[in-house]
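Below is start_25.cif, which holds mmCIF, C-alpha atoms and all ligand atoms.
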```cif
data_final
loop_
_atom_site.label_atom_id
_atom_site.label_comp_id
_atom_site.auth_asym_id
_atom_site.auth_seq_id
_atom_site.Cartn_x
_atom_site.Cartn_y
_atom_site.Cartn_z
CA MET X 15 0.00 0.00 0.00
CA LYS X 16 2.76 2.37 0.95
CA PHE X 17 4.39 1.73 -2.41
CA LEU X 18 1.15 2.40 -4.30
CA ARG X 19 0.56 5.68 -2.43
CA PHE X 20 4.10 6.74 -3.18
CA PHE X 21 3.70 5.82 -6.85
CA GLY X 22 0.39 7.72 -6.94
CA ARG X 23 2.09 10.89 -5.62
CA ILE X 24 4.84 10.61 -8.20
CA LEU X 25 2.18 10.28 -10.91
CA ILE X 26 0.34 13.40 -9.69
CA VAL X 27 3.57 15.42 -9.53
CA ALA X 28 4.50 14.24 -13.02
CA LEU X 29 1.07 15.25 -14.33
CA VAL X 30 1.32 18.70 -12.77
CA VAL X 31 4.79 19.19 -14.26
CA CYS X 32 3.43 18.13 -17.67
CA LEU X 33 0.53 20.58 -17.40
CA ILE X 34 2.80 23.46 -16.40
CA GLY X 35 5.06 22.57 -19.30
CA LEU X 36 2.17 22.60 -21.76
CA VAL X 37 0.86 25.94 -20.52
CA TYR X 38 4.33 27.42 -20.82
CA LEU X 39 4.75 26.15 -24.36
CA ARG X 40 1.35 27.54 -25.39
CA LYS X 41 2.30 30.97 -24.13
CA THR X 42 5.58 31.19 -25.97
CA GLN X 43 5.11 29.25 -29.19
CA PRO X 44 2.26 30.33 -31.43
CA GLU X 45 3.13 34.03 -31.61
CA THR X 46 6.64 33.58 -32.93
CA GLY X 47 7.09 35.38 -36.21
CA GLN X 48 4.44 37.92 -35.23
CA THR X 49 5.54 39.35 -31.92
CA SER X 50 9.22 39.15 -32.69
CA VAL X 51 8.68 41.48 -35.64
CA GLN X 52 7.05 44.76 -34.88
CA PRO X 53 6.17 46.35 -38.21
CA ASN X 54 7.44 49.86 -38.13
CA GLU X 55 5.96 52.46 -40.43
CA ASN X 56 9.31 54.08 -40.96
CA VAL X 57 11.29 50.94 -41.66
CA ALA X 58 10.62 48.89 -44.74
CA PRO X 59 10.22 45.21 -43.95
CA SER X 60 13.29 43.25 -44.89
CA PRO X 61 13.03 40.98 -47.92
CA VAL X 62 13.61 37.90 -45.74
CA LEU X 63 10.51 38.62 -43.72
CA GLN X 64 8.49 39.03 -46.87
CA SER X 65 9.23 35.48 -48.06
CA PRO X 66 6.02 33.45 -48.27
CA GLY X 67 7.36 30.72 -45.99
CA LEU X 68 7.20 32.97 -42.97
CA GLU X 69 3.75 34.31 -43.77
CA TYR X 70 4.74 37.74 -42.64
CA GLU X 71 2.06 40.33 -43.16
CA PRO X 72 3.11 43.88 -42.40
CA GLU X 73 0.21 45.59 -40.67
CA SER X 74 1.17 49.08 -41.73
CA SER X 75 1.44 48.70 -45.48
CA PRO X 76 -1.90 48.96 -47.25
CA GLU X 77 -3.04 46.73 -50.07
CA PRO X 78 -1.35 47.75 -53.31
CA THR X 79 -3.82 49.86 -55.23
CA GLU X 80 -3.99 50.93 -58.84
CA GLU X 81 -2.07 54.13 -59.62
CA PRO X 82 -4.75 56.79 -59.81
CA GLU X 83 -5.09 58.58 -63.14
CA PRO X 84 -3.43 61.99 -62.74
CA THR X 85 -6.26 64.44 -62.44
CA GLY X 86 -5.48 68.10 -62.51
CA PRO X 87 -6.34 71.26 -64.29
CA PRO X 88 -6.12 71.08 -68.10
CA LEU X 89 -3.01 72.58 -69.64
CA PRO X 90 -3.90 76.14 -70.69
CA ASP X 91 -4.23 76.77 -74.41
CA ILE X 92 -1.77 79.63 -74.69
CA ASP X 93 0.76 81.07 -77.12
CA LEU X 94 4.18 80.77 -75.55
CA ASN X 95 5.48 83.60 -77.72
CA ASP X 96 3.37 86.02 -75.72
CA TRP X 97 5.39 88.49 -73.62
CA LYS X 98 3.95 87.04 -70.39
CA TYR X 99 5.79 83.75 -70.88
CA LYS X 100 9.28 85.01 -71.63
CA LEU X 101 11.79 82.79 -69.90
CA VAL X 102 14.81 84.36 -68.25
CA ASN X 103 17.32 82.24 -66.40
CA LYS X 104 20.99 81.28 -66.53
CA ASP X 105 20.46 79.43 -69.83
CA TYR X 106 18.30 82.18 -71.33
CA PRO X 107 19.81 85.51 -70.31
CA LEU X 108 18.68 88.91 -71.52
CA GLY X 109 21.07 91.14 -73.40
CA ARG X 110 22.26 94.50 -72.19
CA SER X 111 19.93 96.14 -74.69
CA PHE X 112 16.74 94.55 -73.37
CA VAL X 113 14.71 97.36 -71.83
CA PRO X 114 10.99 96.85 -71.20
CA ASP X 115 8.39 99.62 -71.18
CA VAL X 116 7.93 100.26 -67.48
CA ALA X 117 5.82 102.51 -65.28
CA GLU X 118 6.37 103.59 -61.70
CA LEU X 119 4.57 101.59 -59.06
CA GLU X 120 5.61 103.08 -55.72
CA GLY X 121 8.70 104.20 -53.84
CA GLY X 122 10.74 104.61 -57.02
CA LYS X 123 10.04 101.02 -58.05
CA TYR X 124 9.07 100.25 -61.64
CA PHE X 125 7.20 97.40 -63.32
CA ASP X 126 6.19 96.40 -66.86
CA ARG X 127 3.44 98.79 -67.94
CA ARG X 128 1.27 95.93 -69.29
CA ALA X 129 1.14 94.13 -65.94
CA ILE X 130 1.51 96.92 -63.42
CA GLU X 131 -2.21 97.07 -62.61
CA TYR X 132 -2.21 93.41 -61.56
CA LEU X 133 0.69 93.97 -59.19
CA LYS X 134 -1.00 97.06 -57.76
CA GLU X 135 -4.18 95.08 -57.10
CA PHE X 136 -2.20 92.19 -55.60
CA ILE X 137 -0.38 94.45 -53.15
CA ALA X 138 -3.50 96.48 -52.33
CA ALA X 139 -5.46 93.30 -51.56
CA ALA X 140 -2.74 92.16 -49.16
CA ARG X 141 -2.75 95.54 -47.43
CA GLU X 142 -6.51 95.34 -47.06
CA GLN X 143 -5.87 92.24 -44.99
CA GLY X 144 -3.81 94.38 -42.65
CA LEU X 145 -0.54 92.93 -43.92
CA GLU X 146 2.49 95.19 -43.95
CA VAL X 147 3.59 94.73 -47.53
CA TYR X 148 6.77 96.31 -48.74
CA LEU X 149 7.82 96.23 -52.39
CA SER X 150 11.57 95.80 -52.14
CA GLU X 151 12.36 95.30 -55.85
CA GLY X 152 10.67 95.70 -59.19
CA TYR X 153 12.33 96.35 -62.52
CA ARG X 154 16.11 96.42 -62.41
CA THR X 155 18.26 97.53 -65.32
CA TYR X 156 21.11 95.46 -66.74
CA ALA X 157 23.51 98.12 -65.50
CA ALA X 158 22.08 97.97 -61.98
CA GLN X 159 22.42 94.19 -61.95
CA GLU X 160 25.99 94.53 -63.18
CA TYR X 161 26.74 96.99 -60.40
CA ILE X 162 25.30 94.65 -57.75
CA PHE X 163 27.13 91.66 -59.19
CA ASN X 164 30.50 93.39 -59.48
CA GLY X 165 30.10 94.67 -55.94
CA LYS X 166 29.58 91.15 -54.64
CA ALA X 167 32.49 89.78 -56.67
CA SER X 168 34.80 92.52 -55.37
CA GLN X 169 33.71 91.88 -51.81
CA ILE X 170 34.54 88.19 -52.17
CA HIS X 171 37.82 89.01 -53.94
CA TRP X 172 38.89 91.15 -50.99
CA GLY X 173 38.53 88.11 -48.78
CA GLY X 174 41.19 86.29 -50.82
CA GLY X 175 41.66 84.25 -54.00
CA THR X 176 41.68 85.34 -57.61
CA TYR X 177 39.06 87.64 -59.13
CA GLU X 178 37.91 84.82 -61.42
CA GLU X 179 37.23 82.63 -58.39
CA ALA X 180 35.38 85.51 -56.77
CA VAL X 181 33.17 85.88 -59.86
CA GLU X 182 32.26 82.20 -59.75
CA LYS X 183 31.38 82.44 -56.06
CA ALA X 184 29.39 85.62 -56.64
CA LYS X 185 27.30 83.80 -59.26
CA GLU X 186 26.02 81.51 -56.53
CA ILE X 187 24.77 84.46 -54.50
CA VAL X 188 23.80 87.18 -56.96
CA ALA X 189 22.26 86.81 -60.41
CA PHE X 190 24.80 87.37 -63.19
CA PRO X 191 23.88 90.41 -65.35
CA GLY X 192 21.24 89.37 -67.86
CA THR X 193 20.03 86.36 -65.88
CA SER X 194 17.90 88.29 -63.40
CA GLU X 195 14.18 88.27 -64.01
CA HIS X 196 14.05 91.76 -62.58
CA GLN X 197 15.48 93.06 -65.85
CA LEU X 198 12.40 91.63 -67.57
CA GLY X 199 10.20 94.01 -65.58
CA LEU X 200 7.76 91.24 -64.63
CA ALA X 201 9.27 90.26 -61.29
CA ALA X 202 8.66 91.82 -57.89
CA ASP X 203 10.25 91.14 -54.54
CA ILE X 204 7.51 91.46 -51.97
CA MET X 205 8.50 91.62 -48.34
CA ASP X 206 6.98 92.22 -44.95
CA LYS X 207 7.95 95.69 -43.67
CA ARG X 208 9.08 94.28 -40.33
CA TYR X 209 11.61 91.96 -41.96
CA THR X 210 14.12 93.72 -44.13
CA TYR X 211 16.78 91.01 -44.15
CA LYS X 212 16.18 88.45 -46.89
CA ASP X 213 16.44 85.24 -44.93
CA PRO X 214 14.22 82.83 -46.92
CA ASP X 215 13.27 80.60 -44.01
CA VAL X 216 12.19 83.55 -41.89
CA ILE X 217 10.51 85.63 -44.60
CA GLY X 218 8.74 82.63 -46.12
CA GLU X 219 6.91 81.92 -42.89
CA THR X 220 5.61 85.44 -42.25
CA GLU X 221 1.86 85.96 -42.50
CA THR X 222 2.48 88.37 -45.36
CA LEU X 223 4.34 85.89 -47.54
CA LYS X 224 1.96 83.06 -46.68
CA TRP X 225 -0.94 85.22 -47.87
CA MET X 226 0.92 86.30 -51.00
CA ARG X 227 1.60 82.65 -51.90
CA GLU X 228 -2.02 81.64 -51.37
CA HIS X 229 -3.47 84.48 -53.43
CA CYS X 230 -0.84 85.24 -56.08
CA THR X 231 -2.61 83.31 -58.85
CA GLU X 232 -5.71 85.51 -58.52
CA TYR X 233 -3.57 88.35 -59.88
CA GLY X 234 -1.56 86.28 -62.36
CA PHE X 235 1.59 85.78 -60.28
CA ILE X 236 3.64 82.72 -59.39
CA LEU X 237 6.27 81.99 -56.79
CA ARG X 238 9.15 81.84 -59.26
CA TYR X 239 11.85 80.11 -57.18
CA PRO X 240 10.24 77.45 -54.99
CA LYS X 241 12.17 75.56 -52.36
CA ASP X 242 11.91 72.12 -53.98
CA LYS X 243 12.79 73.28 -57.51
CA GLU X 244 16.24 74.73 -56.94
CA HIS X 245 17.81 71.99 -59.07
CA ILE X 246 15.70 73.13 -62.05
CA THR X 247 15.54 76.89 -61.63
CA ASP X 248 19.20 77.01 -60.54
CA PHE X 249 18.15 79.73 -58.10
CA SER X 250 17.89 79.23 -54.38
CA TYR X 251 14.50 79.47 -52.68
CA GLU X 252 13.15 83.03 -52.77
CA PRO X 253 9.78 83.28 -51.04
CA TRP X 254 9.59 87.00 -51.82
CA HIS X 255 10.12 86.79 -55.59
CA PHE X 256 6.87 86.80 -57.60
CA ARG X 257 6.69 86.71 -61.38
CA TYR X 258 3.78 87.79 -63.53
CA VAL X 259 2.70 85.13 -66.06
CA GLY X 260 -1.06 85.82 -66.29
CA LYS X 261 -3.89 84.09 -64.45
CA GLU X 262 -4.15 81.00 -66.67
CA ALA X 263 -0.53 79.94 -66.44
CA ALA X 264 -0.23 81.05 -62.80
CA THR X 265 -3.20 78.94 -61.74
CA TYR X 266 -1.87 75.89 -63.54
CA ILE X 267 1.66 76.28 -62.20
CA MET X 268 0.69 76.87 -58.59
CA GLU X 269 -2.03 74.21 -58.50
CA THR X 270 0.23 71.52 -59.94
CA GLY X 271 3.26 72.61 -57.90
CA ILE X 272 5.64 72.88 -60.83
CA CYS X 273 8.09 75.66 -61.62
CA PHE X 274 8.04 77.93 -64.67
CA GLU X 275 10.71 75.91 -66.51
CA GLU X 276 8.68 72.72 -66.05
CA PHE X 277 5.55 74.49 -67.22
CA LEU X 278 7.15 75.69 -70.46
CA ALA X 279 8.56 72.20 -71.09
CA LEU X 280 5.00 70.81 -71.16
CA TYR X 281 4.49 72.58 -74.50
CA ASP X 282 7.52 71.01 -76.19
ZN ZN W 301 13.68 88.92 -56.92
#
```

Would you give me this structure, written as structure tokens?
Ligand SMILES: [Zn+2]
Amino acid sequence: MKFLRFFGRILIVALVVCLIGLVYLRKTQPETGQTSVQPNENVAPSPVLQSPGLEYEPESSPEPTEEPEPTGPPLPDIDLNDWKYKLVNKDYPLGRSFVPDVAELEGGKYFDRRAIEYLKEFIAAAREQGLEVYLSEGYRTYAAQEYIFNGKASQIHWGGGTYEEAVEKAKEIVAFPGTSEHQLGLAADIMDKRYTYKDPDVIGETETLKWMREHCTEYGFILRYPKDKEHITDFSYEPWHFRYVGKEAATYIMETGICFEEFLALYD
């Protein structure tokens, strides 16, 4: 009897140990491959985990969907030879003799006579909003651009190096004569009166410039040198520089988020 009771106890202990073992295995086993991999939205799942054998299903990536048909405004039916669409950049400079017909806007600043009313309305509308708009630049002559450029080159040259090197460095900061849109008479630098220093990241975030960006197309203007198009325009981001291109082109350019160069290329 004693032996049987002893054997019985051993059996019960063995059963309990087996049960505990089973419970433990249940807890750890079935979730392997799911809990060990936490799908992270920022990290692409590694190719190994995507192999069908592991049945890995990233929770964060949605079902692949069909590329939606690009829907946007229709390309305006315009004549690119019109004065409004004249391209000026480092590849298409203006000659010394290019002088547009300009009229005075305010504070000794001039603008192309054919578009000056639109700029006046644009600035007046911003002022009606209580914004402190300051027109810092309008039309600039070739000679004025040359003066500014040579001044910058000389300043750099004084700091050391050859004059040729200074000219190359100056080109990165100031438009080379002929390549500035201001000579065209259709570009205006619009600033907030309280910020006179042209720091793009500061100026671009002022209420004035935010409003100008949102409403420029209503008056036929575009932001000519956007932040994400520097590699195309070859000009650094200038939140204050607005160019007149007419309402049609302006609306298309600003709504699709392209730059002027990209817009013109659509007609090739
Ligand atoms: Zn400008």

Legend entry - Spatial neighbours of range 155-161 of chain X, max dist 10 Å, only C-alpha atoms, sep filter under 6 positions, as a ChimeraX atom specification: /X:108-114,167,188-194,196-199

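Remark: for Arg154 in chain X, the closest of the candidate residues X:Tyr106, X:Phe136, X:Trp225, X:Tyr124 is X:Tyr124 (distances computed over only C-alpha atoms).
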
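CA of Glu276 in chain X lies 18.2 Å from CA of Ala201 in chain X.
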
Report as a tab-separated table the residues of chain X within 6 Å of ligand ZN 301 (chain W), each with its shortest atom pair and distance in Å (one decimal), using all atoms listed in the file, ordered by chain and increasing residue number.
```
residue	atom	partner	partner_atom	distance
X:Ala202	CA	W:ZN301	ZN	5.9
X:Asp203	CA	W:ZN301	ZN	4.7
X:His255	CA	W:ZN301	ZN	4.4
```

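Picture a line from CA of Gly260 in chain X to CA of Asp213 in chain X; it runs 27.6 Å.
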
Legend entry - Best match for closeness to Leu149 in chain X among X:Gly234, X:Gly121, X:Gly165, X:Gly173, counting all atoms listed in the file: X:Gly121

Inset, instruction - Would you kindly identify which residues have an atom no farther than 12 Å from (29.4, 82.9, -60.2), using only C-alpha atoms and the file's own coordinates, and write them out as a ChimeraX atom specification? - result: /X:104,163-164,166-167,170,177-191,193,248-249

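Straight-line separation from CA of Tyr233 in chain X to CA of Lys261 in chain X: 6.3 Å.
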
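With distances taken over all atoms listed in the file, X:Asn103 is the one residue among X:Ile92, X:Glu269, X:Asn103, X:Lys134 lying closest to Ile246 in chain X.
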
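Distance check against Leu145 in chain X using all atoms listed in the file: of X:His229, X:Lys207, X:His245, X:Arg238, the minimum falls on X:Lys207.
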